[in-house]
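Read the structure below first, then the notes.
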There are 2 protein chains.
Amino acid sequence: MNTNAVEPGTGNADIRLARAALTRLMEPSDLPGMALISVAGPVDALAFIRSGAASSAVLEQEMTAVLSETGTGRWQGLAEALGRWRPRLADLAPERDLGIVDRFGGGLLIPEDPQWPPALADLQLAEPIALWLRGRVLRIPEQKRCIAVVGSRDSTSYGDNVTGEIASSLVQRGFTVVSGGAYGIDANAHRGALGAARQDPAYWGAPSAGGTGVPPAEGAVAQPPTLAVMAGGVDRFYPSGNEDLLRTITEQGAVVAEVPPGTNPTRYRFLQRNRLIAALFEVTVVVEARWRSGALNTAHHAEGLSRSVGAVPGSVYSANSAGCHRLLREGAAVCVTDAADIAELAGVAGSNLAIEQEAAPALHDGLGVEDLLLLDALPLRSATSVDKLSVVAGLGTATVLAGLGRLELLGLAQRLANGWKRNS
Amino acid sequence: MNTNAVEPGTGNADIRLARAALTRLMEPSDLPGMALISVAGPVDALAFIRSGAASSAVLEQEMTAVLSETGTGRWQGLAEALGRWRPRLADLAPERDLGIVDRFGGGLLIPEDPQWPPALADLQLAEPIALWLRGRVLRIPEQKRCIAVVGSRDSTSYGDNVTGEIASSLVQRGFTVVSGGAYGIDANAHRGALGAARQDPAYWGAPSAGGTGVPPAEGAVAQPPTLAVMAGGVDRFYPSGNEDLLRTITEQGAVVAEVPPGTNPTRYRFLQRNRLIAALFEVTVVVEARWRSGALNTAHHAEGLSRSVGAVPGSVYSANSAGCHRLLREGAAVCVTDAADIAELAGVAGSNLAIEQEAAPALHDGLGVEDLLLLDALPLRSATSVDKLSVVAGLGTATVLAGLGRLELLGLAQRLANGWKRNS
């Protein structure tokens with residue numbers, strides 16, 4: 001069994017073991033717990049919980065200070081928190097948990113690792129205790145190269161199509177598509193990303209990290225096409241209907257969770273997972289969401305963390321787009337219609353951003369006002385005189401003559417024996 | 001013939017006649033022309049053009065000053081401008097033009113009239129010389145009570161439906177729906193407004209102003225359901241396929257133009273008409289527009305004048321929504337999906353704004369974090385003990401007991417002989 005799952009030989013074994021244990025004792029964002037780890041360190045925090053001490057005035061004072069600093073003024077005290085954590089001590093088996101992910105070719109990433117995503121610091125006290133990973137790549141790709149694509153579980157075929165196309169195109173542009181592994185938009189985001197990777201040999205060139213539990217050196221693995229950030233443990237392929245999909249994700253990308261193996265997803269953990277997605281990645285795109293939706297929760301987390309949020313518009317008659325329109329209306333999201341828009345939102349300069357949409361300019365677009373007036377005045381069929389053109393266009397005869405010369409050069413006016421007409 | 005078409009007996013007859021003539025000599029937004037009217041007044045400006053003088057150093061100097069003040073530094077001088085206006089002197093017949101609209105039951109609204117829309121002052125030097133009106137109401141309703149609804153001529157059935165519903169609902173809320181009388185979105189906006197008015201007896205209670213050429217006193221006429229702001233003369237029902245529609249608009253609302261009767265719509269005049277729509281009304285809504293579209297021109301005018309712009313989202317696959325999404329993406333428009341959104345944009349406090357969209361909150365929405373954790377931990381079928389709940393939920397036993405009491409009161413938890421389960 002290798003408990004140094006992520007970084008062997010750096011002397012972090014005790015810390016990794018302690019953090020593995022703490023992810024089982026404490027729910028995500030259990031702020032008094034995070035305060036205890038912050039003041040005592042993970043190893044001593046765990047030892048203190050295990051000690052059976054009823055409380056500690058010193059620790060409680062320091063924890064109160066940390067909680068106050070980060071805006072949590074009121075809490076119920078250390079004794080109450082210990083009463084919350086201790087019932088779970090009996091189930092504690094961090095070596096077993098690390099062994100489980102090790103057998104899956106996974107590992108535990110901890111803040112003491114150099115690969116720990118710096119973006120998570122923005123969560124302040126709600127920063128995860130550790131991240132359980134399972135898959136082909138055992139690190140989180142660079143924040144700027146990941147796009148979270150989220151949305152309703154009961155998506156429409158419109159939402160499914162848009163999601164698949166966006167995800168596929170994002171992978172072709174070198175992004176990792178992140179989602180939550182759920183039905184609907186999430187599943188289509190993962191599938192679109194995997195489909196694009198299947199067509200790109202670059203995604204197959206890197207050696208698999210599977211089975212060793214040791215992540216490859218930085219840069220040795222190509223950008224994974226997709227990651228799933230789960231509300232339950234990385235050994236739980238939830239929902240069961242997505243089991244095959246999630247297995248494929250572990251083969252080509254990775255599955256990530258802050259809760260330990262065996263943990264069920266709960267409503268609370270889904271909400272916390274949303275905060276994790278929002279924090280980890282630069283851009284969150286909501287493809288379809290109802291007026292009230294978990295995807296909006298992710299979007300609001302992202303907005304709160306100053307991440308970029310994109311929303312895909314849809315029919316005003318579709319209840320599944322109402323949440324997206326709500327985000328747009330409230331200014332909480334930018335309108336995005338394709339991968340180019342999203343890449344731009346990620347701040348990645350693209351050579352072909354939005355250009356495809358530009359229609360060819362009409363020939364009369366470059367004309368000055370006077371030439372436009374003159375062009376409008378030129379008859380389509382029979383020719384007319386310069387004097388008549390002067391009246392119709394409201395231009396002096398000198399201007400008309402000069403303008404006719406320009407329009408003739410552009411092939412827009414035609415000189416006939418008896419005057420001028422539009423050249424069509 | 002009544003040349004005092006709008007306000008008889010106020011001594012404005014000469015000014016009205018001069019302005020009627022000037023709308024024929026000068027194209028909309030002919031800035032040197034507007035500068036001449038500004039420094040000489042409409043009557044003397046017309047007299048000077050008619051005089052045949054080659055130029056005037058004094059006038060030119062004053063006009064240059066006016067043009068500079070409003071940001072037009074460079075112009076070609078008075079002689080050139082006279083060369084532009086004079087060819088049209090031969091066609092001048094302001095009495096005839098006023099007579100034409102008089103017979104239609106129309107009139108000419110001039111800046112000297114108290115009913116002149118104050119919003120037009122925002123156009124500065126590009127303020128219209130006068131407005132030709134024809135219809136049931138010979139004034140422009142209050143800026144805040146009018147919504148411009150514009151969009152593509154080649155609209156889709158989606159755009160047509162949304163437009164019709166929005167226009168109808170806006171009229172039911174007491175707004176006037178303004179558009180440009182074109183095919184597609186414009187026609188559907190007018191039709192939706194007229195349809196709603198037909199079902200509302202309030203729109204039939206006011207006396208018709210038809211035939212007199214004299215507008216009724218302020219307040220004597222109900223808010224008209226719709227106005228058409230035209231690029232050509234108010235006697236030209238353009239496009240011809242909308243002739244019946246435009247006739248109905250004159251019967252129940254009004255047709256407005258800044259160009260005199262008999263004037264053809266030209267590309268230049270369409271662009272200028274767009275500036276007029278944007279300036280006259282508080283809110284411009286674009287329902288459907290291609291990536292390059294006249295409706296975007298109107299929207300950009302509106303944005304430049306600090307008016308509110310709304311854009312209706314649609315499918316990302318619809319080229320007819322690409323212009324709307326572009327406006328949303330660029331932050332030039334607010335996302336609007338129905339009349340309630342638009343009314344809110346108009347700053348009209350509504351009692352039922354956006355409320356219909358609010359789904360009933362789920363019972364667990366009001367729960368605190370601990371009760372949510374506990375609810376998630378409660379088994380659905382067989383009962384469980386408080387100790388087990390404490391482990392699963394990660395809560396102390398005292399918290400579990402208190403939470404179970406609250407959940408039981410809410411009907412979410414059920415106490416059985418052997419423990420607790422979820423009440424479903």
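FYI, nothing fancy with the structure tokens labels: chains A, B, ... in order, residues from 1 per chain, ligands from 1 as they appear.
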
Hey, which bits of chain B sit within 8 Å of chain A, and for each residue what's the closest pair of atoms and how far apart in Å (one decimal), counting only C-alpha atoms, rows by chain and increasing number, as a tab-separated table?
residue	atom	partner	partner_atom	distance
B:Leu25	CA	A:Gly394	CA	7.1
B:Met26	CA	A:Gly394	CA	6.8
B:Glu27	CA	A:Gly394	CA	6.9
B:Glu80	CA	A:Gly396	CA	6.9
B:Ala81	CA	A:Gly396	CA	7.4
B:Leu82	CA	A:Gly396	CA	7.6
B:Gly83	CA	A:Gly396	CA	4.2
B:Arg84	CA	A:Gly396	CA	3.8
B:Trp85	CA	A:Gly394	CA	6.0
B:Arg86	CA	A:Gly396	CA	7.8
B:Pro87	CA	A:Val391	CA	4.9
B:Arg88	CA	A:Val391	CA	4.9
B:Val162	CA	A:Val316	CA	8.0
B:Thr266	CA	A:Asp376	CA	5.8
B:Arg267	CA	A:Asp376	CA	6.5
B:Tyr268	CA	A:Leu373	CA	6.2
B:Trp291	CA	A:Gln357	CA	7.1
B:Arg292	CA	A:Ala359	CA	7.3
B:Val312	CA	A:Val316	CA	7.7
B:Pro313	CA	A:Pro313	CA	5.6
B:Gly314	CA	A:Gly314	CA	4.5
B:Ser315	CA	A:Gly314	CA	4.6
B:Val316	CA	A:Thr337	CA	5.5
B:His325	CA	A:Cys335	CA	6.5
B:Leu328	CA	A:Cys335	CA	5.9
B:Arg329	CA	A:Cys335	CA	4.7
B:Val334	CA	A:Arg329	CA	5.8
B:Cys335	CA	A:Arg329	CA	4.7
B:Val336	CA	A:Arg329	CA	6.9
B:Thr337	CA	A:Val316	CA	5.5
B:Asp338	CA	A:Val316	CA	7.9
B:Gln357	CA	A:Trp291	CA	7.1
B:Glu358	CA	A:Trp291	CA	7.2
B:Ala359	CA	A:Arg292	CA	7.4
B:Val369	CA	A:Tyr268	CA	7.6
B:Leu372	CA	A:Tyr268	CA	6.6
B:Leu373	CA	A:Tyr268	CA	6.1
B:Asp376	CA	A:Thr266	CA	5.7
B:Ala377	CA	A:Thr266	CA	7.9
B:Asp387	CA	A:Pro87	CA	7.4
B:Ser390	CA	A:Pro87	CA	6.2
B:Val391	CA	A:Arg88	CA	4.9
B:Val392	CA	A:Arg88	CA	7.7
B:Gly394	CA	A:Arg84	CA	5.4
B:Leu395	CA	A:Arg84	CA	3.9
B:Gly396	CA	A:Arg84	CA	3.8
B:Thr397	CA	A:Gly83	CA	7.0

Could the residues in this selection be saved with C-alpha atoms as a tab-separated table (two decimals), in the first residue's frame?
chain	number	residue	atom	x	y	z
B	25	LEU	CA	-34.66	71.13	-49.14
B	26	MET	CA	-32.52	69.34	-46.59
B	27	GLU	CA	-31.99	65.65	-45.95
B	80	GLU	CA	-21.20	74.16	-51.15
B	81	ALA	CA	-24.24	73.63	-48.92
B	82	LEU	CA	-26.28	76.13	-50.94
B	83	GLY	CA	-25.29	74.18	-54.04
B	84	ARG	CA	-26.84	71.14	-52.38
B	85	TRP	CA	-30.11	72.78	-51.32
B	86	ARG	CA	-30.89	75.06	-54.25
B	87	PRO	CA	-31.53	72.39	-56.91
B	88	ARG	CA	-34.58	71.41	-54.83
B	162	VAL	CA	-42.32	36.45	-29.77
B	266	THR	CA	-33.80	55.59	-49.38
B	267	ARG	CA	-30.99	53.72	-47.65
B	268	TYR	CA	-29.76	56.97	-46.13
B	291	TRP	CA	-25.13	39.71	-37.44
B	292	ARG	CA	-25.33	42.79	-39.67
B	312	VAL	CA	-34.56	38.89	-27.21
B	313	PRO	CA	-32.43	35.72	-27.14
B	314	GLY	CA	-33.01	32.78	-29.43
B	315	SER	CA	-31.40	29.63	-30.70
B	316	VAL	CA	-27.64	29.85	-31.21
B	325	HIS	CA	-26.72	37.70	-29.16
B	328	LEU	CA	-26.03	40.91	-25.44
B	329	ARG	CA	-22.44	39.77	-25.67
B	334	VAL	CA	-30.17	43.74	-21.76
B	335	CYS	CA	-31.63	40.26	-22.16
B	336	VAL	CA	-35.44	40.49	-22.31
B	337	THR	CA	-37.74	37.53	-22.74
B	338	ASP	CA	-41.21	39.01	-22.28
B	357	GLN	CA	-41.44	32.81	-13.41
B	358	GLU	CA	-40.77	32.14	-9.74
B	359	ALA	CA	-41.38	28.50	-9.08
B	369	VAL	CA	-26.94	23.75	6.68
B	372	LEU	CA	-29.94	19.97	5.26
B	373	LEU	CA	-27.10	17.59	6.19
B	376	ASP	CA	-29.72	14.11	3.38
B	377	ALA	CA	-28.64	11.53	5.96
B	387	ASP	CA	-26.02	7.69	16.65
B	390	SER	CA	-24.73	11.55	13.76
B	391	VAL	CA	-22.02	9.64	11.84
B	392	VAL	CA	-23.66	9.85	8.43
B	394	GLY	CA	-21.34	14.50	10.45
B	395	LEU	CA	-23.27	16.21	13.26
B	396	GLY	CA	-23.11	15.88	17.04
B	397	THR	CA	-25.93	13.93	18.69

Range 140-333 of chain B: residues DSSP assigns to helix (DSSP H, G or I), reported as a PyMOL selection string: chain B and resi 143-145+157-172+185-198+201-204+240-252+267-280+294-304+319-329

Find the residues around Met34 in chain A up to 9 Å (only C-alpha atoms counted), leave out those fewer than 4 positions away in its own chain, and share them as a short mmCIF file (atom, residue, chain, number, x, y, z; two decimals) with all heavy atoms, in the first residue's frame.
data_model
loop_
_atom_site.label_atom_id
_atom_site.label_comp_id
_atom_site.auth_asym_id
_atom_site.auth_seq_id
_atom_site.Cartn_x
_atom_site.Cartn_y
_atom_site.Cartn_z
N MET A 26 -14.79 15.55 8.42
CA MET A 26 -15.42 16.86 8.23
C MET A 26 -16.09 16.96 6.86
O MET A 26 -15.49 16.61 5.85
CB MET A 26 -14.36 17.97 8.34
CG MET A 26 -13.69 18.03 9.70
SD MET A 26 -12.20 19.09 9.64
CE MET A 26 -11.68 19.01 11.38
N SER A 29 -16.32 22.44 3.48
CA SER A 29 -16.65 23.79 3.98
C SER A 29 -17.13 23.81 5.42
O SER A 29 -17.86 24.72 5.81
CB SER A 29 -17.70 24.49 3.10
OG SER A 29 -17.23 24.63 1.79
N ASP A 30 -16.75 22.81 6.22
CA ASP A 30 -17.03 22.85 7.66
C ASP A 30 -16.04 23.85 8.25
O ASP A 30 -14.89 23.53 8.57
CB ASP A 30 -16.82 21.45 8.25
CG ASP A 30 -17.07 21.42 9.76
OD1 ASP A 30 -16.93 22.47 10.42
OD2 ASP A 30 -17.40 20.33 10.26
N SER A 38 -6.26 24.98 10.26
CA SER A 38 -5.45 26.18 10.02
C SER A 38 -4.57 26.52 11.22
O SER A 38 -3.40 26.88 11.06
CB SER A 38 -6.38 27.35 9.67
OG SER A 38 -5.72 28.58 9.78
N VAL A 39 -5.12 26.41 12.43
CA VAL A 39 -4.33 26.81 13.60
C VAL A 39 -3.43 25.69 14.12
O VAL A 39 -2.33 25.94 14.60
CB VAL A 39 -5.20 27.38 14.76
CG1 VAL A 39 -6.02 28.57 14.28
CG2 VAL A 39 -6.09 26.32 15.37
N MET A 63 -9.08 29.58 16.99
CA MET A 63 -10.05 29.29 15.93
C MET A 63 -11.04 30.43 15.75
O MET A 63 -11.40 30.79 14.64
CB MET A 63 -10.79 27.98 16.25
CG MET A 63 -9.94 26.74 16.09
SD MET A 63 -10.72 25.28 16.85
CE MET A 63 -12.11 25.01 15.74
N LEU A 125 -11.08 30.14 3.74
CA LEU A 125 -11.23 29.08 4.73
C LEU A 125 -11.97 27.86 4.16
O LEU A 125 -11.81 26.74 4.67
CB LEU A 125 -11.97 29.64 5.95
CG LEU A 125 -11.67 28.96 7.28
CD1 LEU A 125 -10.19 28.89 7.55
CD2 LEU A 125 -12.40 29.66 8.41
N ALA A 126 -12.76 28.08 3.11
CA ALA A 126 -13.51 26.96 2.53
C ALA A 126 -12.68 26.18 1.51
O ALA A 126 -13.22 25.36 0.77
CB ALA A 126 -14.80 27.47 1.89
N GLU A 127 -11.39 26.44 1.45
CA GLU A 127 -10.50 25.65 0.58
C GLU A 127 -10.58 24.18 0.99
O GLU A 127 -10.60 23.87 2.19
CB GLU A 127 -9.06 26.17 0.74
CG GLU A 127 -8.09 25.58 -0.27
CD GLU A 127 -6.75 26.32 -0.29
OE1 GLU A 127 -6.57 27.28 0.50
OE2 GLU A 127 -5.88 25.93 -1.08
N PRO A 128 -10.63 23.27 0.03
CA PRO A 128 -10.77 21.85 0.40
C PRO A 128 -9.59 21.37 1.24
O PRO A 128 -8.48 21.88 1.13
CB PRO A 128 -10.79 21.12 -0.95
CG PRO A 128 -11.06 22.15 -1.97
CD PRO A 128 -10.60 23.46 -1.43
N ILE A 129 -9.85 20.35 2.07
CA ILE A 129 -8.80 19.73 2.88
C ILE A 129 -7.81 19.01 1.97
O ILE A 129 -6.60 19.01 2.21
CB ILE A 129 -9.42 18.74 3.88
CG1 ILE A 129 -10.34 19.50 4.85
CG2 ILE A 129 -8.35 17.95 4.63
CD1 ILE A 129 -11.20 18.60 5.73
#

Shell around range 410-422 of chain B at 8 Å using only C-alpha atoms, local window under 2 positions removed, as a PyMOL selection string: chain B and resi 375+378-386+404+406-408+424

Which residue of B:Glu112, B:Asp44, B:Asp186, B:Glu95 approaches Asp154 in chain B most closely, using only C-alpha atoms: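 The closest residue to Asp154 in chain B is B:Asp186.
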
Interatomic distance, CA of Ala302 in chain A to CA of Leu194 in chain A (Å, one decimal): 24.7 Å

Selection: 8 Å around His301 in chain B, only C-alpha atoms, excl. self and same-chain fewer than 6 positions, as a PyMOL selection string: chain B and resi 274-275+278-279

DSSP strand (DSSP E or B) residues within range 74-253 of chain A, listed as a PyMOL selection string: chain A and resi 106-109+131-135+146-150+176-179+226-229

Selection above as a file: C-alpha atoms, as a short mmCIF file (atom, residue, chain, number, x, y, z; two decimals), in the first residue's frame:
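Result file result_33.cif:
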data_model
loop_
_atom_site.label_atom_id
_atom_site.label_comp_id
_atom_site.auth_asym_id
_atom_site.auth_seq_id
_atom_site.Cartn_x
_atom_site.Cartn_y
_atom_site.Cartn_z
CA GLY A 106 -5.58 7.36 -8.22
CA GLY A 107 -4.15 9.51 -5.50
CA LEU A 108 -4.72 12.26 -2.95
CA LEU A 109 -3.60 15.76 -3.82
CA LEU A 131 -8.63 16.41 -3.46
CA TRP A 132 -9.16 12.74 -4.23
CA LEU A 133 -8.25 11.98 -7.84
CA ARG A 134 -8.72 8.95 -10.01
CA GLY A 135 -7.81 8.70 -13.67
CA CYS A 146 -10.18 24.37 -18.26
CA ILE A 147 -13.77 25.32 -19.02
CA ALA A 148 -16.60 24.14 -16.81
CA VAL A 149 -19.69 23.33 -18.87
CA VAL A 150 -22.73 22.73 -16.69
CA THR A 176 -10.17 20.58 -20.84
CA VAL A 177 -13.94 20.41 -20.47
CA VAL A 178 -15.00 20.02 -16.85
CA SER A 179 -18.42 19.00 -15.64
CA THR A 226 -12.32 16.11 -19.67
CA LEU A 227 -12.59 16.04 -15.88
CA ALA A 228 -15.58 15.16 -13.72
CA VAL A 229 -15.82 16.88 -10.36
#

Excluding Pro42 in chain A and any residue of its chain fewer than 3 positions from it, enumerate the residues within 8 Å of it, using only C-alpha atoms, and give them as an mmCIF file with N, CA, C and O atoms, in the first residue's frame.
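File out08.cif, as written:
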data_model
loop_
_atom_site.group_PDB
_atom_site.id
_atom_site.type_symbol
_atom_site.label_atom_id
_atom_site.label_comp_id
_atom_site.auth_asym_id
_atom_site.auth_seq_id
_atom_site.Cartn_x
_atom_site.Cartn_y
_atom_site.Cartn_z
ATOM 1 N N ILE A 15 1.251 14.042 6.839
ATOM 2 C CA ILE A 15 0.278 15.088 6.501
ATOM 3 C C ILE A 15 -0.779 14.528 5.551
ATOM 4 O O ILE A 15 -1.980 14.744 5.716
ATOM 5 N N ALA A 18 -3.119 12.352 7.453
ATOM 6 C CA ALA A 18 -4.000 13.152 8.312
ATOM 7 C C ALA A 18 -5.082 13.829 7.486
ATOM 8 O O ALA A 18 -6.277 13.821 7.841
ATOM 9 N N ARG A 19 -4.691 14.390 6.358
ATOM 10 C CA ARG A 19 -5.689 15.070 5.514
ATOM 11 C C ARG A 19 -6.697 14.068 4.946
ATOM 12 O O ARG A 19 -7.892 14.359 4.840
ATOM 13 N N LEU A 22 -9.076 13.537 7.688
ATOM 14 C CA LEU A 22 -9.913 14.717 7.960
ATOM 15 C C LEU A 22 -11.011 14.882 6.914
ATOM 16 O O LEU A 22 -12.094 15.385 7.213
ATOM 17 N N ILE A 37 -7.759 23.069 11.463
ATOM 18 C CA ILE A 37 -6.616 22.643 10.642
ATOM 19 C C ILE A 37 -5.664 23.816 10.433
ATOM 20 O O ILE A 37 -4.446 23.677 10.464
ATOM 21 N N SER A 38 -6.257 24.984 10.264
ATOM 22 C CA SER A 38 -5.453 26.182 10.015
ATOM 23 C C SER A 38 -4.572 26.523 11.225
ATOM 24 O O SER A 38 -3.405 26.878 11.064
ATOM 25 N N ALA A 45 -4.334 18.546 14.370
ATOM 26 C CA ALA A 45 -5.789 18.689 14.405
ATOM 27 C C ALA A 45 -6.423 17.315 14.559
ATOM 28 O O ALA A 45 -7.305 17.103 15.406
ATOM 29 N N LEU A 46 -5.955 16.362 13.742
ATOM 30 C CA LEU A 46 -6.490 15.003 13.818
ATOM 31 C C LEU A 46 -6.197 14.379 15.181
ATOM 32 O O LEU A 46 -7.081 13.759 15.794
#

Computed interatomic separation between CA of Glu344 in chain B and CA of Gly304 in chain B (Å):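 The value is 20.4 Å.
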